[in-house]
Amino acid sequence: MVTDLSDNPAAPMATAIHIRDLCFAYHTKPALHDVTLDIPTRQITAFIGPSGCGKSTLLRCFNRINDRIPGAHLTAGSIHIHGIEINRPDIDLQELRRRVGMVFQKYNPFKKSIYENVVFSPRLGGIRKRAALDELAETALRSAALWDEVKDRLHTSALALSGGQQQRLCIARAIANQPDILLMDEPCAALDPTATLKIEELLHQLKKHYTIVIVTHNMAQATRCADLTAFMYLGKLIESGPTLQIFTTPNNPQTLAYISGSFG
């Protein structure tokens with residue numbers, strides 16, 4: 001029997017993602033070393049650290065997108081999401097990726113209308129009734145703070161939207177799958193300051209309903225958005241804790257050196 005995450009629905013648990021002694025490699029090159037971390041439910045957790053430190057690799061482990069990369073493989077450790085080990089051979093990957101949505105650095109709407117972008121995955125999942133799809137689309141677009149801007153042009157091309165609007169559309173597309181967790185890999189890297197501010201404001205609204213994990217090179221963004229911050233270096237988790245503590249009184253000298261600009 002294929003394990004379906006919906007067999008163990010998200011209960012009000014303190015920890016959404018439970019990572020223990022995680023090691024990961026690309027072919028024979030280690031990328032993550034003995035990462036242990038608990039990611040709290042319905043809070044924003046930020047991964048910070050210099051380029052190539054393993055932030056995005058770790059993020060992609062949570063919905064097993066790394067499986068699509070030839071030679072990428074888990075070498076040790078475990079990841080439990082709402083109590084289920086997601087690296088079990090019988091895991092339902094389609095269900096995992098529905099429950100753990102992802103928004104990428106470069107906004108990537110489909111070459112379809114705004115409406116069709118949002119309902120694409122629910123329709124693939126078997127929802128056919130137009131009324132249900134309409135309701136899903138409106139709910140997702142409202143959740144992504146985009147509805148008022150696009151409600152009169154739902155059937156026009158998504159590619160006509162501004163960059164910030166396209167990124168919020170990608171967030172709406174992820175929300176339409178009704179996930180428990182949202183992963184965001186540098187979601188503001190390609191956006192101007194105004195669009196970035198809108199995304200950051202949106203994150204504070206979304207965490208009322210979703211567990212959010214964000215990778216960011218922008219330490220100011222982490223201080224503005226994140227409840228918990230984890231600093232990574234050379235594939236290792238150096239330190240994690242409440243964001244204010246990490247940025248004001250870190251325990252590890254490597255963390256202090258990074259946030260003070262001594263390297264990175």
# chains A, B, ... in the order shown; residues from 1 in each chain; ligands from 1
call {"tool": "select_by_dssp", "arguments": {"residues": "range 6-240 of chain A", "states": "alpha helix (DSSP H)", "output": "PDB file with N, CA and C atoms, in the first residue's frame"}}
result
ATOM      1  N   LYS A  55      21.531  25.447   1.655  1.00  0.00           N
ATOM      2  CA  LYS A  55      20.180  25.910   2.016  1.00  0.00           C
ATOM      3  C   LYS A  55      19.116  25.350   1.075  1.00  0.00           C
ATOM      4  N   SER A  56      19.321  25.562  -0.219  1.00  0.00           N
ATOM      5  CA  SER A  56      18.308  25.127  -1.195  1.00  0.00           C
ATOM      6  C   SER A  56      18.242  23.609  -1.283  1.00  0.00           C
ATOM      7  N   THR A  57      19.384  22.943  -1.143  1.00  0.00           N
ATOM      8  CA  THR A  57      19.372  21.476  -1.137  1.00  0.00           C
ATOM      9  C   THR A  57      18.504  20.958  -0.001  1.00  0.00           C
ATOM     10  N   LEU A  58      18.673  21.535   1.184  1.00  0.00           N
ATOM     11  CA  LEU A  58      17.864  21.105   2.323  1.00  0.00           C
ATOM     12  C   LEU A  58      16.387  21.386   2.076  1.00  0.00           C
ATOM     13  N   LEU A  59      16.082  22.568   1.560  1.00  0.00           N
ATOM     14  CA  LEU A  59      14.688  22.915   1.278  1.00  0.00           C
ATOM     15  C   LEU A  59      14.055  21.905   0.326  1.00  0.00           C
ATOM     16  N   ARG A  60      14.793  21.542  -0.714  1.00  0.00           N
ATOM     17  CA  ARG A  60      14.248  20.616  -1.724  1.00  0.00           C
ATOM     18  C   ARG A  60      14.138  19.188  -1.216  1.00  0.00           C
ATOM     19  N   CYS A  61      14.771  18.904  -0.090  1.00  0.00           N
ATOM     20  CA  CYS A  61      14.593  17.580   0.514  1.00  0.00           C
ATOM     21  C   CYS A  61      13.192  17.408   1.079  1.00  0.00           C
ATOM     22  N   LEU A  93       4.602  10.360  -3.805  1.00  0.00           N
ATOM     23  CA  LEU A  93       5.284  11.625  -4.079  1.00  0.00           C
ATOM     24  C   LEU A  93       4.331  12.702  -4.575  1.00  0.00           C
ATOM     25  N   GLN A  94       3.326  12.317  -5.323  1.00  0.00           N
ATOM     26  CA  GLN A  94       2.363  13.308  -5.802  1.00  0.00           C
ATOM     27  C   GLN A  94       1.631  13.949  -4.625  1.00  0.00           C
ATOM     28  N   GLU A  95       1.239  13.131  -3.671  1.00  0.00           N
ATOM     29  CA  GLU A  95       0.555  13.658  -2.491  1.00  0.00           C
ATOM     30  C   GLU A  95       1.513  14.482  -1.634  1.00  0.00           C
ATOM     31  N   LEU A  96       2.759  14.023  -1.500  1.00  0.00           N
ATOM     32  CA  LEU A  96       3.746  14.785  -0.741  1.00  0.00           C
ATOM     33  C   LEU A  96       3.901  16.183  -1.327  1.00  0.00           C
ATOM     34  N   ARG A  97       4.007  16.272  -2.646  1.00  0.00           N
ATOM     35  CA  ARG A  97       4.240  17.573  -3.280  1.00  0.00           C
ATOM     36  C   ARG A  97       2.990  18.428  -3.318  1.00  0.00           C
ATOM     37  N   ARG A  98       1.833  17.818  -3.133  1.00  0.00           N
ATOM     38  CA  ARG A  98       0.622  18.620  -2.952  1.00  0.00           C
ATOM     39  C   ARG A  98       0.602  19.220  -1.556  1.00  0.00           C
ATOM     40  N   ARG A  99       0.958  18.398  -0.572  1.00  0.00           N
ATOM     41  CA  ARG A  99       0.914  18.863   0.815  1.00  0.00           C
ATOM     42  C   ARG A  99       2.062  19.812   1.155  1.00  0.00           C
ATOM     43  N   ILE A 114      -4.543  33.628 -16.149  1.00  0.00           N
ATOM     44  CA  ILE A 114      -4.406  33.696 -14.692  1.00  0.00           C
ATOM     45  C   ILE A 114      -5.235  32.588 -14.039  1.00  0.00           C
ATOM     46  N   TYR A 115      -6.476  32.472 -14.474  1.00  0.00           N
ATOM     47  CA  TYR A 115      -7.384  31.467 -13.929  1.00  0.00           C
ATOM     48  C   TYR A 115      -6.837  30.058 -14.131  1.00  0.00           C
ATOM     49  N   GLU A 116      -6.382  29.748 -15.339  1.00  0.00           N
ATOM     50  CA  GLU A 116      -5.908  28.397 -15.632  1.00  0.00           C
ATOM     51  C   GLU A 116      -4.640  28.065 -14.868  1.00  0.00           C
ATOM     52  N   ASN A 117      -3.825  29.064 -14.563  1.00  0.00           N
ATOM     53  CA  ASN A 117      -2.656  28.818 -13.725  1.00  0.00           C
ATOM     54  C   ASN A 117      -3.073  28.311 -12.361  1.00  0.00           C
ATOM     55  N   VAL A 118      -4.083  28.951 -11.778  1.00  0.00           N
ATOM     56  CA  VAL A 118      -4.475  28.608 -10.407  1.00  0.00           C
ATOM     57  C   VAL A 118      -5.176  27.254 -10.343  1.00  0.00           C
ATOM     58  N   VAL A 119      -6.010  26.944 -11.306  1.00  0.00           N
ATOM     59  CA  VAL A 119      -6.812  25.716 -11.218  1.00  0.00           C
ATOM     60  C   VAL A 119      -6.139  24.521 -11.892  1.00  0.00           C
ATOM     61  N   PHE A 120      -4.961  24.718 -12.441  1.00  0.00           N
ATOM     62  CA  PHE A 120      -4.296  23.654 -13.210  1.00  0.00           C
ATOM     63  C   PHE A 120      -4.133  22.376 -12.384  1.00  0.00           C
ATOM     64  N   SER A 121      -3.503  22.487 -11.225  1.00  0.00           N
ATOM     65  CA  SER A 121      -3.257  21.283 -10.412  1.00  0.00           C
ATOM     66  C   SER A 121      -4.529  20.695  -9.809  1.00  0.00           C
ATOM     67  N   PRO A 122      -5.441  21.527  -9.255  1.00  0.00           N
ATOM     68  CA  PRO A 122      -6.691  20.940  -8.757  1.00  0.00           C
ATOM     69  C   PRO A 122      -7.464  20.187  -9.840  1.00  0.00           C
ATOM     70  N   ARG A 123      -7.432  20.717 -11.060  1.00  0.00           N
ATOM     71  CA  ARG A 123      -8.120  20.025 -12.159  1.00  0.00           C
ATOM     72  C   ARG A 123      -7.439  18.689 -12.440  1.00  0.00           C
ATOM     73  N   LEU A 124      -6.107  18.680 -12.437  1.00  0.00           N
ATOM     74  CA  LEU A 124      -5.393  17.416 -12.623  1.00  0.00           C
ATOM     75  C   LEU A 124      -5.711  16.436 -11.504  1.00  0.00           C
ATOM     76  N   ARG A 130     -17.113  23.400 -12.437  1.00  0.00           N
ATOM     77  CA  ARG A 130     -16.671  24.774 -12.625  1.00  0.00           C
ATOM     78  C   ARG A 130     -16.865  25.611 -11.357  1.00  0.00           C
ATOM     79  N   ALA A 131     -17.956  25.397 -10.655  1.00  0.00           N
ATOM     80  CA  ALA A 131     -18.201  26.187  -9.448  1.00  0.00           C
ATOM     81  C   ALA A 131     -17.119  25.936  -8.404  1.00  0.00           C
ATOM     82  N   ALA A 132     -16.708  24.677  -8.273  1.00  0.00           N
ATOM     83  CA  ALA A 132     -15.663  24.341  -7.299  1.00  0.00           C
ATOM     84  C   ALA A 132     -14.330  24.954  -7.704  1.00  0.00           C
ATOM     85  N   LEU A 133     -14.036  24.906  -9.007  1.00  0.00           N
ATOM     86  CA  LEU A 133     -12.787  25.500  -9.496  1.00  0.00           C
ATOM     87  C   LEU A 133     -12.800  27.017  -9.330  1.00  0.00           C
ATOM     88  N   ASP A 134     -13.948  27.626  -9.603  1.00  0.00           N
ATOM     89  CA  ASP A 134     -14.067  29.083  -9.436  1.00  0.00           C
ATOM     90  C   ASP A 134     -13.820  29.478  -7.979  1.00  0.00           C
ATOM     91  N   GLU A 135     -14.396  28.702  -7.071  1.00  0.00           N
ATOM     92  CA  GLU A 135     -14.231  29.015  -5.643  1.00  0.00           C
ATOM     93  C   GLU A 135     -12.774  28.847  -5.221  1.00  0.00           C
ATOM     94  N   LEU A 136     -12.136  27.769  -5.706  1.00  0.00           N
ATOM     95  CA  LEU A 136     -10.734  27.537  -5.397  1.00  0.00           C
ATOM     96  C   LEU A 136      -9.865  28.676  -5.910  1.00  0.00           C
ATOM     97  N   ALA A 137     -10.134  29.098  -7.149  1.00  0.00           N
ATOM     98  CA  ALA A 137      -9.339  30.166  -7.749  1.00  0.00           C
ATOM     99  C   ALA A 137      -9.462  31.461  -6.956  1.00  0.00           C
ATOM    100  N   GLU A 138     -10.688  31.815  -6.596  1.00  0.00           N
ATOM    101  CA  GLU A 138     -10.880  33.055  -5.847  1.00  0.00           C
ATOM    102  C   GLU A 138     -10.232  32.979  -4.471  1.00  0.00           C
ATOM    103  N   THR A 139     -10.406  31.853  -3.796  1.00  0.00           N
ATOM    104  CA  THR A 139      -9.829  31.704  -2.458  1.00  0.00           C
ATOM    105  C   THR A 139      -8.308  31.800  -2.512  1.00  0.00           C
ATOM    106  N   ALA A 140      -7.703  31.119  -3.491  1.00  0.00           N
ATOM    107  CA  ALA A 140      -6.242  31.130  -3.597  1.00  0.00           C
ATOM    108  C   ALA A 140      -5.717  32.511  -3.955  1.00  0.00           C
ATOM    109  N   LEU A 141      -6.386  33.187  -4.872  1.00  0.00           N
ATOM    110  CA  LEU A 141      -5.950  34.530  -5.270  1.00  0.00           C
ATOM    111  C   LEU A 141      -6.138  35.534  -4.138  1.00  0.00           C
ATOM    112  N   ARG A 142      -7.211  35.382  -3.379  1.00  0.00           N
ATOM    113  CA  ARG A 142      -7.385  36.261  -2.209  1.00  0.00           C
ATOM    114  C   ARG A 142      -6.285  35.995  -1.184  1.00  0.00           C
ATOM    115  N   SER A 143      -5.968  34.723  -0.961  1.00  0.00           N
ATOM    116  CA  SER A 143      -4.934  34.377   0.009  1.00  0.00           C
ATOM    117  C   SER A 143      -3.575  34.931  -0.398  1.00  0.00           C
ATOM    118  N   TRP A 147      -6.325  38.937  -5.679  1.00  0.00           N
ATOM    119  CA  TRP A 147      -7.672  38.910  -6.240  1.00  0.00           C
ATOM    120  C   TRP A 147      -8.141  40.279  -6.719  1.00  0.00           C
ATOM    121  N   ASP A 148      -8.004  41.293  -5.902  1.00  0.00           N
ATOM    122  CA  ASP A 148      -8.518  42.611  -6.272  1.00  0.00           C
ATOM    123  C   ASP A 148      -7.817  43.188  -7.494  1.00  0.00           C
ATOM    124  N   GLU A 149      -6.597  42.756  -7.739  1.00  0.00           N
ATOM    125  CA  GLU A 149      -5.835  43.267  -8.873  1.00  0.00           C
ATOM    126  C   GLU A 149      -6.146  42.532 -10.182  1.00  0.00           C
ATOM    127  N   VAL A 150      -6.680  41.318 -10.099  1.00  0.00           N
ATOM    128  CA  VAL A 150      -6.850  40.519 -11.322  1.00  0.00           C
ATOM    129  C   VAL A 150      -8.270  40.014 -11.548  1.00  0.00           C
ATOM    130  N   GLY A 163       6.213  41.424 -12.516  1.00  0.00           N
ATOM    131  CA  GLY A 163       6.992  40.369 -11.863  1.00  0.00           C
ATOM    132  C   GLY A 163       6.469  40.034 -10.479  1.00  0.00           C
ATOM    133  N   GLY A 164       6.167  41.049  -9.691  1.00  0.00           N
ATOM    134  CA  GLY A 164       5.645  40.803  -8.352  1.00  0.00           C
ATOM    135  C   GLY A 164       4.302  40.107  -8.374  1.00  0.00           C
ATOM    136  N   GLN A 165       3.460  40.499  -9.332  1.00  0.00           N
ATOM    137  CA  GLN A 165       2.157  39.847  -9.460  1.00  0.00           C
ATOM    138  C   GLN A 165       2.325  38.391  -9.906  1.00  0.00           C
ATOM    139  N   GLN A 166       3.268  38.144 -10.805  1.00  0.00           N
ATOM    140  CA  GLN A 166       3.507  36.772 -11.250  1.00  0.00           C
ATOM    141  C   GLN A 166       3.974  35.896 -10.087  1.00  0.00           C
ATOM    142  N   GLN A 167       4.812  36.453  -9.213  1.00  0.00           N
ATOM    143  CA  GLN A 167       5.264  35.655  -8.068  1.00  0.00           C
ATOM    144  C   GLN A 167       4.102  35.373  -7.113  1.00  0.00           C
ATOM    145  N   ARG A 168       3.246  36.362  -6.903  1.00  0.00           N
ATOM    146  CA  ARG A 168       2.072  36.117  -6.053  1.00  0.00           C
ATOM    147  C   ARG A 168       1.121  35.129  -6.717  1.00  0.00           C
ATOM    148  N   LEU A 169       1.066  35.138  -8.044  1.00  0.00           N
ATOM    149  CA  LEU A 169       0.265  34.138  -8.746  1.00  0.00           C
ATOM    150  C   LEU A 169       0.840  32.741  -8.509  1.00  0.00           C
ATOM    151  N   CYS A 170       2.157  32.629  -8.518  1.00  0.00           N
ATOM    152  CA  CYS A 170       2.773  31.328  -8.243  1.00  0.00           C
ATOM    153  C   CYS A 170       2.479  30.879  -6.816  1.00  0.00           C
ATOM    154  N   ILE A 171       2.406  31.823  -5.890  1.00  0.00           N
ATOM    155  CA  ILE A 171       2.008  31.485  -4.517  1.00  0.00           C
ATOM    156  C   ILE A 171       0.554  31.018  -4.498  1.00  0.00           C
ATOM    157  N   ALA A 172      -0.310  31.729  -5.229  1.00  0.00           N
ATOM    158  CA  ALA A 172      -1.721  31.311  -5.321  1.00  0.00           C
ATOM    159  C   ALA A 172      -1.838  29.919  -5.925  1.00  0.00           C
ATOM    160  N   ARG A 173      -1.028  29.638  -6.926  1.00  0.00           N
ATOM    161  CA  ARG A 173      -1.044  28.321  -7.571  1.00  0.00           C
ATOM    162  C   ARG A 173      -0.673  27.231  -6.563  1.00  0.00           C
ATOM    163  N   ALA A 174       0.305  27.519  -5.706  1.00  0.00           N
ATOM    164  CA  ALA A 174       0.672  26.548  -4.671  1.00  0.00           C
ATOM    165  C   ALA A 174      -0.444  26.405  -3.635  1.00  0.00           C
ATOM    166  N   ILE A 175      -1.055  27.516  -3.253  1.00  0.00           N
ATOM    167  CA  ILE A 175      -2.130  27.494  -2.253  1.00  0.00           C
ATOM    168  C   ILE A 175      -3.338  26.714  -2.759  1.00  0.00           C
ATOM    169  N   PRO A 193      12.138  46.402  -4.840  1.00  0.00           N
ATOM    170  CA  PRO A 193      11.820  46.587  -3.417  1.00  0.00           C
ATOM    171  C   PRO A 193      10.330  46.677  -3.108  1.00  0.00           C
ATOM    172  N   THR A 194       9.549  47.320  -3.989  1.00  0.00           N
ATOM    173  CA  THR A 194       8.114  47.446  -3.742  1.00  0.00           C
ATOM    174  C   THR A 194       7.428  46.087  -3.780  1.00  0.00           C
ATOM    175  N   ALA A 195       7.756  45.281  -4.794  1.00  0.00           N
ATOM    176  CA  ALA A 195       7.172  43.945  -4.907  1.00  0.00           C
ATOM    177  C   ALA A 195       7.645  43.053  -3.758  1.00  0.00           C
ATOM    178  N   THR A 196       8.898  43.225  -3.355  1.00  0.00           N
ATOM    179  CA  THR A 196       9.433  42.455  -2.228  1.00  0.00           C
ATOM    180  C   THR A 196       8.653  42.746  -0.958  1.00  0.00           C
ATOM    181  N   LEU A 197       8.359  44.008  -0.715  1.00  0.00           N
ATOM    182  CA  LEU A 197       7.598  44.387   0.475  1.00  0.00           C
ATOM    183  C   LEU A 197       6.225  43.725   0.485  1.00  0.00           C
ATOM    184  N   LYS A 198       5.573  43.668  -0.679  1.00  0.00           N
ATOM    185  CA  LYS A 198       4.251  43.039  -0.755  1.00  0.00           C
ATOM    186  C   LYS A 198       4.343  41.553  -0.426  1.00  0.00           C
ATOM    187  N   ILE A 199       5.382  40.888  -0.924  1.00  0.00           N
ATOM    188  CA  ILE A 199       5.551  39.464  -0.628  1.00  0.00           C
ATOM    189  C   ILE A 199       5.793  39.273   0.866  1.00  0.00           C
ATOM    190  N   GLU A 200       6.624  40.125   1.455  1.00  0.00           N
ATOM    191  CA  GLU A 200       6.912  39.996   2.885  1.00  0.00           C
ATOM    192  C   GLU A 200       5.659  40.229   3.727  1.00  0.00           C
ATOM    193  N   GLU A 201       4.855  41.212   3.349  1.00  0.00           N
ATOM    194  CA  GLU A 201       3.598  41.440   4.059  1.00  0.00           C
ATOM    195  C   GLU A 201       2.677  40.228   3.916  1.00  0.00           C
ATOM    196  N   LEU A 202       2.690  39.645   2.729  1.00  0.00           N
ATOM    197  CA  LEU A 202       1.863  38.470   2.472  1.00  0.00           C
ATOM    198  C   LEU A 202       2.290  37.292   3.349  1.00  0.00           C
ATOM    199  N   LEU A 203       3.598  37.115   3.532  1.00  0.00           N
ATOM    200  CA  LEU A 203       4.085  35.998   4.340  1.00  0.00           C
ATOM    201  C   LEU A 203       3.513  36.039   5.754  1.00  0.00           C
ATOM    202  N   HIS A 204       3.417  37.225   6.315  1.00  0.00           N
ATOM    203  CA  HIS A 204       2.880  37.344   7.677  1.00  0.00           C
ATOM    204  C   HIS A 204       1.412  36.917   7.739  1.00  0.00           C
ATOM    205  N   GLN A 205       0.673  37.140   6.650  1.00  0.00           N
ATOM    206  CA  GLN A 205      -0.715  36.692   6.605  1.00  0.00           C
ATOM    207  C   GLN A 205      -0.800  35.176   6.393  1.00  0.00           C
ATOM    208  N   LEU A 206       0.069  34.661   5.539  1.00  0.00           N
ATOM    209  CA  LEU A 206       0.016  33.242   5.197  1.00  0.00           C
ATOM    210  C   LEU A 206       0.384  32.337   6.373  1.00  0.00           C
ATOM    211  N   MET A 219      19.595  39.055   4.639  1.00  0.00           N
ATOM    212  CA  MET A 219      19.474  38.894   6.087  1.00  0.00           C
ATOM    213  C   MET A 219      18.458  39.858   6.683  1.00  0.00           C
ATOM    214  N   ALA A 220      18.322  41.054   6.073  1.00  0.00           N
ATOM    215  CA  ALA A 220      17.301  41.983   6.555  1.00  0.00           C
ATOM    216  C   ALA A 220      15.913  41.395   6.362  1.00  0.00           C
ATOM    217  N   GLN A 221      15.733  40.665   5.267  1.00  0.00           N
ATOM    218  CA  GLN A 221      14.450  40.013   5.034  1.00  0.00           C
ATOM    219  C   GLN A 221      14.178  38.956   6.097  1.00  0.00           C
ATOM    220  N   ALA A 222      15.191  38.201   6.459  1.00  0.00           N
ATOM    221  CA  ALA A 222      15.015  37.197   7.515  1.00  0.00           C
ATOM    222  C   ALA A 222      14.602  37.862   8.824  1.00  0.00           C
ATOM    223  N   THR A 223      15.227  38.988   9.152  1.00  0.00           N
ATOM    224  CA  THR A 223      14.875  39.662  10.412  1.00  0.00           C
ATOM    225  C   THR A 223      13.451  40.208  10.373  1.00  0.00           C
ATOM    226  N   ARG A 224      13.004  40.615   9.185  1.00  0.00           N
ATOM    227  CA  ARG A 224      11.647  41.166   9.073  1.00  0.00           C
ATOM    228  C   ARG A 224      10.579  40.082   9.099  1.00  0.00           C
ATOM    229  N   CYS A 225      10.909  38.917   8.558  1.00  0.00           N
ATOM    230  CA  CYS A 225       9.862  37.918   8.296  1.00  0.00           C
ATOM    231  C   CYS A 225       9.885  36.699   9.217  1.00  0.00           C
TER     232      CYS A 225
END
call {"tool": "residues_around", "arguments": {"residues": "His27 in chain A", "least_positions_apart": "2", "cutoff": "12 Å", "atoms": "only C-alpha atoms", "output": "VMD selection string"}}
result
chain A and resid 24 to 25 29 to 31 69 to 75
call {"tool": "select_by_dssp", "arguments": {"residues": "range 60-227 of chain A", "states": "strand (DSSP E)", "output": "list in words"}}
result
Ala72, His73, Leu74, Thr75, Ala76, Gly77, Ser78, Ile79, His80, Ile81, Ile84, Glu85, Val100, Gly101, Met102, Val103, Ile181, Leu182, Leu183, Met184, Asp185, Thr211, Ile212, Val213, Ile214 and Val215 of chain A
call {"tool": "write_last_selection", "arguments": {"atoms": "C-alpha atoms", "output": "mmCIF file, in the first residue's frame"}}
result
data_model
loop_
_atom_site.group_PDB
_atom_site.id
_atom_site.type_symbol
_atom_site.label_atom_id
_atom_site.label_comp_id
_atom_site.auth_asym_id
_atom_site.auth_seq_id
_atom_site.Cartn_x
_atom_site.Cartn_y
_atom_site.Cartn_z
ATOM 1 C CA ALA A 72 21.229 13.196 -5.924
ATOM 2 C CA HIS A 73 20.511 10.951 -2.979
ATOM 3 C CA LEU A 74 19.988 10.768 0.768
ATOM 4 C CA THR A 75 22.914 9.015 2.434
ATOM 5 C CA ALA A 76 21.744 9.004 6.052
ATOM 6 C CA GLY A 77 19.172 10.387 8.434
ATOM 7 C CA SER A 78 15.455 11.040 8.276
ATOM 8 C CA ILE A 79 12.791 13.653 7.617
ATOM 9 C CA HIS A 80 9.354 13.286 9.178
ATOM 10 C CA ILE A 81 6.516 15.554 8.093
ATOM 11 C CA ILE A 84 5.495 10.357 8.403
ATOM 12 C CA GLU A 85 8.988 9.504 7.137
ATOM 13 C CA VAL A 100 4.329 20.549 0.631
ATOM 14 C CA GLY A 101 4.014 23.294 -1.986
ATOM 15 C CA MET A 102 6.946 25.177 -3.481
ATOM 16 C CA VAL A 103 7.574 28.653 -4.848
ATOM 17 C CA ILE A 181 3.628 23.637 4.166
ATOM 18 C CA LEU A 182 4.952 26.269 1.743
ATOM 19 C CA LEU A 183 8.597 26.181 0.697
ATOM 20 C CA MET A 184 10.009 29.369 -0.805
ATOM 21 C CA ASP A 185 13.436 29.425 -2.428
ATOM 22 C CA THR A 211 4.038 26.444 7.868
ATOM 23 C CA ILE A 212 6.507 28.470 5.781
ATOM 24 C CA VAL A 213 10.170 27.708 5.133
ATOM 25 C CA ILE A 214 12.108 30.332 3.213
ATOM 26 C CA VAL A 215 15.641 30.415 1.813
#
call {"tool": "closest_residue", "arguments": {"among": "A:Tyr210, A:Tyr107, A:Tyr258, A:Phe231", "to": "Pro40 in chain A", "atoms": "only C-alpha atoms"}}
result
A:Tyr210
call {"tool": "atom_distance", "arguments": {"atom1": "CA of Leu154 in chain A", "atom2": "CA of Glu186 in chain A"}}
result
26.7 Å
call {"tool": "closest_residue", "arguments": {"among": "A:Pro179, A:Gly261, A:Pro242, A:Gly125", "to": "Ile44 in chain A", "atoms": "only C-alpha atoms"}}
result
A:Pro242
call {"tool": "closest_residue", "arguments": {"among": "A:Phe62, A:Phe110, A:Tyr233, A:Phe47", "to": "Thr216 in chain A", "atoms": "only C-alpha atoms"}}
result
A:Phe47
call {"tool": "closest_residue", "arguments": {"among": "A:Ala230, A:Leu32, A:Ile238, A:Ile259", "to": "Ile48 in chain A", "atoms": "only C-alpha atoms"}}
result
A:Ala230
call {"tool": "atom_distance", "arguments": {"atom1": "CA of Gly83 in chain A", "atom2": "CA of Leu244 in chain A"}}
result
28.8 Å
call {"tool": "atom_distance", "arguments": {"atom1": "CA of Ile17 in chain A", "atom2": "CA of Phe247 in chain A"}}
result
23.1 Å
call {"tool": "residues_around", "arguments": {"residues": "Gly241 in chain A", "least_positions_apart": "6", "cutoff": "10 Å", "atoms": "only C-alpha atoms", "output": "compact mmCIF listing (two decimals) with N, CA and C atoms, in the first residue's frame"}}
result
# COMPACT_ATOMS: atom_id res chain seq x y z
N LEU A 37 17.16 19.36 12.92
CA LEU A 37 16.39 20.59 13.12
C LEU A 37 14.91 20.26 13.23
N THR A 45 10.23 29.92 9.07
CA THR A 45 11.61 29.55 9.34
C THR A 45 12.46 29.97 8.14
N ASP A 227 10.33 33.85 12.15
CA ASP A 227 10.24 33.60 13.58
C ASP A 227 11.48 32.85 14.05
N LEU A 228 11.93 31.91 13.22
CA LEU A 228 13.11 31.09 13.53
C LEU A 228 14.09 31.25 12.38
N THR A 229 15.38 31.34 12.69
CA THR A 229 16.40 31.43 11.65
C THR A 229 17.44 30.33 11.87
N ALA A 230 17.84 29.69 10.77
CA ALA A 230 18.86 28.65 10.81
C ALA A 230 20.01 29.07 9.90
N PHE A 231 21.20 29.13 10.45
CA PHE A 231 22.39 29.51 9.68
C PHE A 231 23.14 28.26 9.24
N PHE A 247 20.35 37.05 15.43
CA PHE A 247 20.93 38.26 14.87
C PHE A 247 21.48 39.23 15.91
N PRO A 250 24.14 35.68 18.84
CA PRO A 250 24.36 34.30 18.40
C PRO A 250 25.34 33.59 19.33
N ASN A 251 25.18 32.28 19.43
CA ASN A 251 26.06 31.49 20.31
C ASN A 251 27.33 31.05 19.63
